[in-house]
Structure formats: C-alpha cells, structure tokens
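So this one's my_file-v7.cif, mmCIF, C-alpha atoms:
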data_input
#
loop_
_atom_site.label_atom_id
_atom_site.label_comp_id
_atom_site.auth_asym_id
_atom_site.auth_seq_id
_atom_site.Cartn_x
_atom_site.Cartn_y
_atom_site.Cartn_z
CA MET H 227 75.74 119.45 136.90
CA SER H 228 76.90 120.67 133.55
CA GLU H 229 80.50 121.62 132.91
CA PRO H 230 81.29 125.32 132.51
CA TRP H 231 82.35 124.94 128.86
CA GLU H 232 78.99 123.45 128.02
CA GLU H 233 77.16 126.60 129.11
CA GLU H 234 79.26 129.09 127.22
CA GLY H 235 77.89 128.32 123.76
CA PRO H 236 80.01 129.14 120.78
CA GLY H 237 81.47 132.26 122.38
CA THR H 238 83.12 134.60 119.93
CA ILE H 239 82.42 133.61 116.34
CA LYS H 240 85.35 134.29 114.06
CA LYS H 241 85.58 134.20 110.30
CA PHE H 242 87.80 131.27 109.29
CA LEU H 243 89.01 130.82 105.74
CA TYR H 244 90.60 127.53 104.72
CA VAL H 245 92.84 128.02 101.70
CA ASN H 246 93.26 124.85 99.64
CA ARG H 247 96.08 124.88 97.08
CA LYS H 248 97.07 121.22 96.68
CA ALA H 249 95.75 118.43 94.50
CA PRO H 250 94.22 115.44 96.31
CA TYR H 251 95.97 112.04 96.78
CA GLY H 252 99.52 113.08 95.83
CA THR H 253 99.94 114.64 99.29
CA ILE H 254 97.90 114.49 102.50
CA TYR H 255 97.09 118.23 102.59
CA ALA H 256 93.62 118.07 100.99
CA LEU H 257 92.35 115.38 103.36
CA GLU H 258 93.85 117.10 106.43
CA SER H 259 92.20 120.37 105.44
CA LEU H 260 88.82 118.66 105.31
CA GLU H 261 89.35 117.22 108.80
CA VAL H 262 90.21 120.62 110.26
CA VAL H 263 87.30 122.32 108.49
CA LEU H 264 84.91 119.87 110.16
CA ILE H 265 86.46 120.64 113.55
CA ALA H 266 85.94 124.38 113.10
CA ALA H 267 82.37 123.75 111.95
CA ALA H 268 81.75 121.72 115.14
CA PHE H 269 82.78 124.81 117.13
CA GLU H 270 80.12 126.81 115.26
CA GLN H 271 82.58 129.16 113.63
CA ASP H 272 81.95 131.13 110.42
CA VAL H 273 83.76 128.85 107.99
CA SER H 274 84.62 129.47 104.34
CA MET H 275 86.76 127.41 102.01
CA ALA H 276 88.75 128.70 99.06
CA PHE H 277 90.08 126.49 96.27
CA LEU H 278 92.88 127.91 94.17
CA ASP H 279 95.93 126.71 92.23
CA ASP H 280 95.96 122.87 92.27
CA GLY H 281 93.37 122.98 95.08
CA VAL H 282 90.66 123.19 92.42
CA TYR H 283 91.42 119.54 91.57
CA GLN H 284 90.10 118.54 95.02
CA ILE H 285 86.54 119.17 93.88
CA LYS H 286 86.86 117.79 90.34
CA LYS H 287 83.94 115.53 89.41
CA GLY H 288 84.36 111.83 88.68
CA GLN H 289 87.21 110.87 91.02
CA ASP H 290 87.69 107.09 91.04
CA THR H 291 90.44 105.90 93.38
CA LYS H 292 89.87 102.14 93.14
CA GLY H 293 93.00 101.73 91.03
CA ILE H 294 95.35 103.44 93.49
CA GLY H 295 94.09 101.82 96.69
CA MET H 296 93.24 105.10 98.43
CA LYS H 297 89.95 106.30 99.87
CA ASN H 298 88.00 108.62 97.60
CA PHE H 299 87.16 111.44 99.99
CA SER H 300 85.61 113.73 97.37
CA PRO H 301 81.99 112.90 98.43
CA THR H 302 82.80 114.61 101.75
CA TYR H 303 82.77 118.01 100.02
CA ARG H 304 79.11 117.44 99.19
CA ALA H 305 78.39 116.65 102.86
CA LEU H 306 79.86 119.94 104.11
CA GLU H 307 76.50 121.64 103.67
CA GLY H 308 75.18 119.44 106.50
CA TYR H 309 77.79 121.02 108.80
CA ASP H 310 76.77 124.55 107.76
CA VAL H 311 79.89 124.91 105.63
CA GLU H 312 78.27 126.43 102.57
CA LYS H 313 80.67 129.14 101.48
CA LEU H 314 82.97 127.54 98.92
CA TYR H 315 84.95 129.86 96.67
CA VAL H 316 86.92 128.90 93.58
CA GLU H 317 89.44 131.09 91.77
CA ALA H 318 88.51 131.59 88.12
CA GLU H 319 92.12 131.94 86.93
CA SER H 320 93.08 128.62 88.52
CA LEU H 321 90.24 126.83 86.74
CA ALA H 322 91.12 128.39 83.37
CA GLU H 323 94.83 127.47 83.58
CA ARG H 324 93.80 123.86 84.09
CA GLY H 325 91.25 123.77 81.29
CA LEU H 326 88.41 123.35 83.81
CA THR H 327 85.03 125.07 84.16
CA GLU H 328 82.45 125.31 86.94
CA ASP H 329 80.64 122.34 85.32
CA ASP H 330 83.63 120.12 86.16
CA LEU H 331 83.11 120.66 89.91
CA LEU H 332 81.16 118.32 92.19
CA VAL H 333 79.72 120.93 94.57
CA PRO H 334 77.99 124.29 94.09
CA VAL H 335 80.62 127.02 94.44
CA GLU H 336 81.06 130.70 93.85
CA VAL H 337 83.68 131.30 91.18
CA MET H 338 85.54 134.54 91.70
CA SER H 339 88.52 136.39 90.30
CA ARG H 340 91.96 136.37 91.92
CA ALA H 341 91.43 140.03 92.88
CA ALA H 342 88.07 139.28 94.52
CA LEU H 343 89.61 136.36 96.39
CA ALA H 344 92.34 138.64 97.70
CA GLU H 345 89.63 140.91 99.11
CA LEU H 346 87.87 137.92 100.67
CA MET H 347 91.11 136.85 102.36
CA ASP H 348 91.49 140.38 103.72
CA GLN H 349 88.07 140.18 105.41
CA GLN H 350 88.91 137.07 107.50
CA ASP H 351 89.88 136.80 111.16
CA VAL H 352 91.84 133.58 110.70
CA ILE H 353 93.32 131.99 107.57
CA LEU H 354 94.55 128.41 107.57
CA SER H 355 96.47 127.37 104.48
CA PHE H 356 96.80 123.83 103.14
CA MET R 1041 121.58 104.33 76.78
CA SER R 1042 117.95 105.34 76.74
CA MET R 1043 116.28 106.41 79.90
CA LEU R 1044 112.80 106.34 81.40
CA HIS R 1045 112.01 109.49 83.35
CA THR R 1046 109.21 109.55 85.90
CA VAL R 1047 107.60 112.79 87.10
CA ASN R 1048 105.26 112.79 90.11
CA LYS R 1049 104.68 116.52 90.70
CA SER R 1050 101.99 118.76 89.20
CA PRO R 1051 103.46 121.10 86.56
CA PHE R 1052 101.33 123.88 88.05
CA GLU R 1053 102.95 123.59 91.45
CA ARG R 1054 106.59 122.66 90.74
CA ASN R 1055 109.01 123.01 87.85
CA THR R 1056 109.84 119.30 87.98
CA LEU R 1057 108.26 118.50 84.61
CA ASN R 1058 110.04 121.36 82.85
CA SER R 1059 113.33 120.39 84.44
CA CYS R 1060 112.82 116.79 83.35
CA LEU R 1061 111.95 117.82 79.78
CA GLY R 1062 115.06 119.98 79.70
CA HIS R 1063 117.22 116.96 80.51
CA ALA R 1064 115.39 114.13 78.74
CA LEU R 1065 117.29 113.33 75.55
CA PRO R 1066 115.63 112.44 72.23
CA GLY R 1067 114.64 108.78 72.28
CA SER R 1068 114.02 108.73 76.00
CA ALA R 1069 110.60 108.35 77.59
CA ILE R 1070 108.68 110.29 80.20
CA LEU R 1071 106.09 108.63 82.43
CA LEU R 1072 103.76 110.93 84.37
CA ILE R 1073 102.54 109.50 87.69
CA GLU R 1074 100.72 110.71 90.84
CA ASP R 1075 100.19 114.51 90.66
CA GLY R 1076 102.35 114.51 87.54
CA VAL R 1077 99.38 113.26 85.52
CA PHE R 1078 97.95 116.79 85.36
CA GLY R 1079 100.68 117.53 82.82
CA ALA R 1080 99.13 115.03 80.39
CA VAL R 1081 95.73 116.72 80.25
CA GLU R 1082 94.58 118.53 77.10
CA GLY R 1083 93.44 122.15 77.24
CA THR R 1084 95.62 123.34 80.13
CA ALA R 1085 98.19 126.14 80.20
CA GLN R 1086 100.88 123.40 80.23
CA ALA R 1087 99.61 121.37 77.27
CA ASP R 1088 101.79 123.03 74.63
CA THR R 1089 104.96 122.18 76.56
CA LEU R 1090 104.01 118.52 76.64
CA ARG R 1091 102.97 118.48 72.98
CA ALA R 1092 106.38 119.85 72.00
CA ALA R 1093 108.10 117.05 73.93
CA LEU R 1094 106.17 114.45 71.95
CA ALA R 1095 108.12 115.38 68.80
CA ASP R 1096 111.18 113.34 69.80
CA ARG R 1097 110.30 111.60 73.07
CA ALA R 1098 107.66 109.12 74.10
CA VAL R 1099 105.28 110.25 76.84
CA TYR R 1100 103.17 107.94 79.01
CA VAL R 1101 100.70 108.59 81.81
CA LEU R 1102 99.60 106.21 84.55
CA GLY R 1103 95.86 105.49 84.15
CA PRO R 1104 94.93 104.71 87.78
CA ASP R 1105 96.38 108.08 88.88
CA LEU R 1106 94.35 109.85 86.17
CA LEU R 1107 91.11 108.15 87.24
CA ALA R 1108 91.68 108.97 90.91
CA ARG R 1109 91.87 112.64 89.97
CA GLY R 1110 88.63 112.65 88.01
CA MET R 1111 90.15 112.30 84.54
CA THR R 1112 90.16 109.59 81.89
CA ALA R 1113 92.08 108.68 78.74
CA GLU R 1114 89.84 110.99 76.71
CA HIS R 1115 91.18 114.04 78.57
CA VAL R 1116 94.76 113.18 77.63
CA ILE R 1117 96.77 115.00 74.93
CA GLU R 1118 96.83 113.05 71.67
CA GLY R 1119 100.03 111.06 71.35
CA ILE R 1120 100.41 110.35 75.06
CA ALA R 1121 99.84 106.68 75.88
CA VAL R 1122 97.90 105.68 78.98
CA VAL R 1123 99.43 102.70 80.81
CA ASP R 1124 98.40 100.65 83.85
CA TYR R 1125 100.70 99.34 86.59
CA ASN R 1126 101.77 96.39 84.43
CA GLY R 1127 102.61 98.86 81.69
CA PHE R 1128 104.70 100.83 84.18
CA VAL R 1129 106.70 97.69 84.98
CA GLU R 1130 107.13 96.89 81.28
CA LEU R 1131 108.47 100.38 80.64
CA THR R 1132 111.10 99.96 83.35
CA THR R 1133 112.30 96.82 81.55
CA GLN R 1134 112.30 98.43 78.09
CA TYR R 1135 114.64 101.25 79.09
CA ASP R 1136 118.15 100.88 80.41
CA LYS R 1137 117.70 103.17 83.39
CA VAL R 1138 115.03 104.99 85.32
CA GLN R 1139 115.39 108.51 86.59
CA SER R 1140 112.77 109.62 89.13
CA TRP R 1141 112.24 113.38 89.12
CA LEU R 1142 110.88 114.26 92.57
#
As structure tokens, the full file:
Amino acid sequence: MSEPWEEEGPGTIKKFLYVNRKAPYGTIYALESLEVVLIAAAFEQDVSMAFLDDGVYQIKKGQDTKGIGMKNFSPTYRALEGYDVEKLYVEAESLAERGLTEDDLLVPVEVMSRAALAELMDQQDVILSF
Amino acid sequence: MSMLHTVNKSPFERNTLNSCLGHALPGSAILLIEDGVFGAVEGTAQADTLRAALADRAVYVLGPDLLARGMTAEHVIEGIAVVDYNGFVELTTQYDKVQSWL
C-alpha cells in the first residue's frame, strides 16, 4: 500500500526565487543555496535563481580550486538543467561593476536590469536569499 | 615599523578594503586574500581605488584564491604582484607586524 504523501503529487506549485548575492568559497552561502535549490526542484516547484552583487562570481567561468583545497562546485550550475531548473537571471549592473560580461559566465542565463529584476522578485510566491 | 595588511572581504560587499587603505601608511603592504582578491581585478568599479594605493604602498594578491574564483594573473591590475602560499609566508617575515582586516 502506498503512503498518502506518495499519492498527492506535487500539490500546490509555488514560484520560488533563490537570490544569490555572495561570492563562492569565501563563505558557505553559495554552496548552501545550491543544495536548497535542488531540494525545491525535487519537490517539483517552479524554481528560478537570481545572481546579483557578488553572487555573479558564483557562475564565473574557469574556477580552479585545486590550490585552496576546496571542492569546485561550479559544474553543478550546468547540471541544474537536468533538474528542470532552467530560469537563471543575472543582474546587468552587477556584471558591469565587476568588469564582467555574459561571455564570462559558465551557464546560459538571462541578463536583466536591476529594475526588471525587482519586478521579477515581485512576481514570486517565496524568496529565499543567500 | 612597517606593516603587512591582509584583506579577506570583497570590496563590493564590505568596506574593509577602503578602511584598510585609509589606515595603511606609505611603505606598508596590502595582501588581498579569499574574497578580497576581487579588489585586485582590472576593469572593475573598484580598480581606480586600488591603483591609487599602488603609488606609495605595495599590493599583493594570493594566486590560489584568484584561480579558485575563475581569475588568473592576467586579470590583475598592473603593479599588483601575485604570490603563492610560500610568498604569503615570506611577506609575513618581511614586515614587522601583520594586521588582518576582517
């Protein structure tokens, strides 16, 4: 006999936005955000990720962590597609302040203005900030 | 007494680098480590601040922390020296004291 929670399916699907504002490796926020994103995806929720401020460094190409003895988790961002996490948004102003362009990023993203990102945040049911 | 200052916070997220530069005397050195390495990168909104500091202070950046974050020596502002962990240790012996800006 199956358990009741197995028959209910995904139930209500909410729009979740994960806001990433921290650089990787210096703190644990970026890695923890990835873990929680994968959990939400497993519950078949409508997941988006936003990268702004130092969060844009999380998806910078060419990360090589051999010298600091930490795991390079940047390939995980490319695997998100396999979990139906395909909506990745990057703030244009944050890239420009850091001398970066879309070509410096390791996954396909939608670059949008700060104003557009504010609108996107407004459309969400749940926002989790890292 | 000349001092080695270390900065481990991103200049885009905290004012640690600016505070350090405001207190680092001529002849002292600044070593950027961990998320502080973003301050050493050319072409950012913070680059002019760092370039100005190079006039009378030595600035170093820790290579392994740059590489981890997807950047190499060629992204670094001219005049900033890239060092490895051995270089970090050498710097601590060349200066009388170390001040860690957290």
With 9 Å as the threshold, what does the neighbourhood of (90.7, 123.0, 103.6) contain in terms of residues, counting all atoms listed in the file? Coordinates are those of the file; answer as an mmCIF file with C-alpha atoms, in the frame of the given file.
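Dumped everything to out.cif:
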data_model
loop_
_atom_site.group_PDB
_atom_site.id
_atom_site.type_symbol
_atom_site.label_atom_id
_atom_site.label_comp_id
_atom_site.auth_asym_id
_atom_site.auth_seq_id
_atom_site.Cartn_x
_atom_site.Cartn_y
_atom_site.Cartn_z
ATOM 1 C CA LEU H 243 89.010 130.820 105.740
ATOM 2 C CA TYR H 244 90.600 127.530 104.720
ATOM 3 C CA VAL H 245 92.840 128.020 101.700
ATOM 4 C CA ASN H 246 93.260 124.850 99.640
ATOM 5 C CA ARG H 247 96.080 124.880 97.080
ATOM 6 C CA TYR H 255 97.090 118.230 102.590
ATOM 7 C CA ALA H 256 93.620 118.070 100.990
ATOM 8 C CA LEU H 257 92.350 115.380 103.360
ATOM 9 C CA GLU H 258 93.850 117.100 106.430
ATOM 10 C CA SER H 259 92.200 120.370 105.440
ATOM 11 C CA LEU H 260 88.820 118.660 105.310
ATOM 12 C CA GLU H 261 89.350 117.220 108.800
ATOM 13 C CA VAL H 262 90.210 120.620 110.260
ATOM 14 C CA VAL H 263 87.300 122.320 108.490
ATOM 15 C CA SER H 274 84.620 129.470 104.340
ATOM 16 C CA MET H 275 86.760 127.410 102.010
ATOM 17 C CA ALA H 276 88.750 128.700 99.060
ATOM 18 C CA PHE H 277 90.080 126.490 96.270
ATOM 19 C CA GLY H 281 93.370 122.980 95.080
ATOM 20 C CA LEU H 354 94.550 128.410 107.570
ATOM 21 C CA SER H 355 96.470 127.370 104.480
ATOM 22 C CA PHE H 356 96.800 123.830 103.140
#
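For R:Leu1044, the set of protein, DNA and RNA residues having any atom at most 7 Å away, when counting all atoms listed in the file and skipping those fewer than 5 positions along the same chain, is Ser1068, Ala1069, Ile1070, Thr1132, Tyr1135, Lys1137, Val1138 and Gln1139 of chain R.
Taken over the shown file, the PyMOL selection byres ((chain R and resi 1140) around 8) identifies His1045, Thr1046, Val1047, Val1138, Gln1139, Trp1141 and Leu1142 of chain R.
Minimum distance to H:Leu346 across H:Ala267, H:Lys313, H:Tyr303, H:Tyr251 (counting all atoms listed in the file) occurs at H:Lys313.
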Using the chain letters and numbers from this file, what does the PyMOL selection byres ((chain H) within 12 of (chain R)) select? Give the answer as a ChimeraX atom specification. /H:247-253,278-300,319-327,330-332
First collect every listed atom of stretch 1059-1078 of chain R; then fit an axis-aligned box around them, widen it by 4 Å on each side, and give centre and edge lengths in Å to one decimal, as JSON.
{"center_x": 107.6, "center_y": 114.4, "center_z": 81.5, "size_x": 27.3, "size_y": 20.0, "size_z": 26.6}
Tell me which of R:Val1101, R:Leu1061, R:Val1129, R:Leu1094 sits closest to R:Val1116, counting only C-alpha atoms. R:Val1101
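Evaluating the PyMOL selection byres ((chain H and resi 272) around 8) against the shown model yields Ile239, Lys240, Lys241, Phe242, Ala267, Glu270, Gln271, Val273 and Ser274 of chain H.
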Of the listed residues H:Leu264, H:Ser339, H:Asp329, H:Asp348, that which approaches H:Val311 most closely, counting all atoms listed in the file: H:Leu264
For H:Ala342, which residue among H:Phe269, H:Gly237, H:Pro301, H:Ala318 is the nearest when counting only C-alpha atoms? H:Ala318
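Taking atom CA of R:Met1043 and atom CA of R:His1115 as the two end points, the separation is 26.3 Å.
When only C-alpha atoms are used to compute distances to H:Met347, the closest of the residues H:Asp310, H:Ala305, H:Val333, H:Tyr315 turns out to be H:Tyr315.
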Point-to-point distance from atom CA of R:Ile1117 to atom CA of R:Glu1130, Å rounded to tenths: 21.8 Å
Need to verify the contact set: R:Ala1095, 12 Å, all atoms listed in the file, exclusion of same-chain residues closer than 5 positions in sequence. Can you return it as number ranges by chain? R: 1061, 1065-1069, 1088-1090, 1118-1120
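Taking atom CA of R:Ala1064 and atom CA of R:Asn1126 as endpoints, the distance between them is 23.1 Å.
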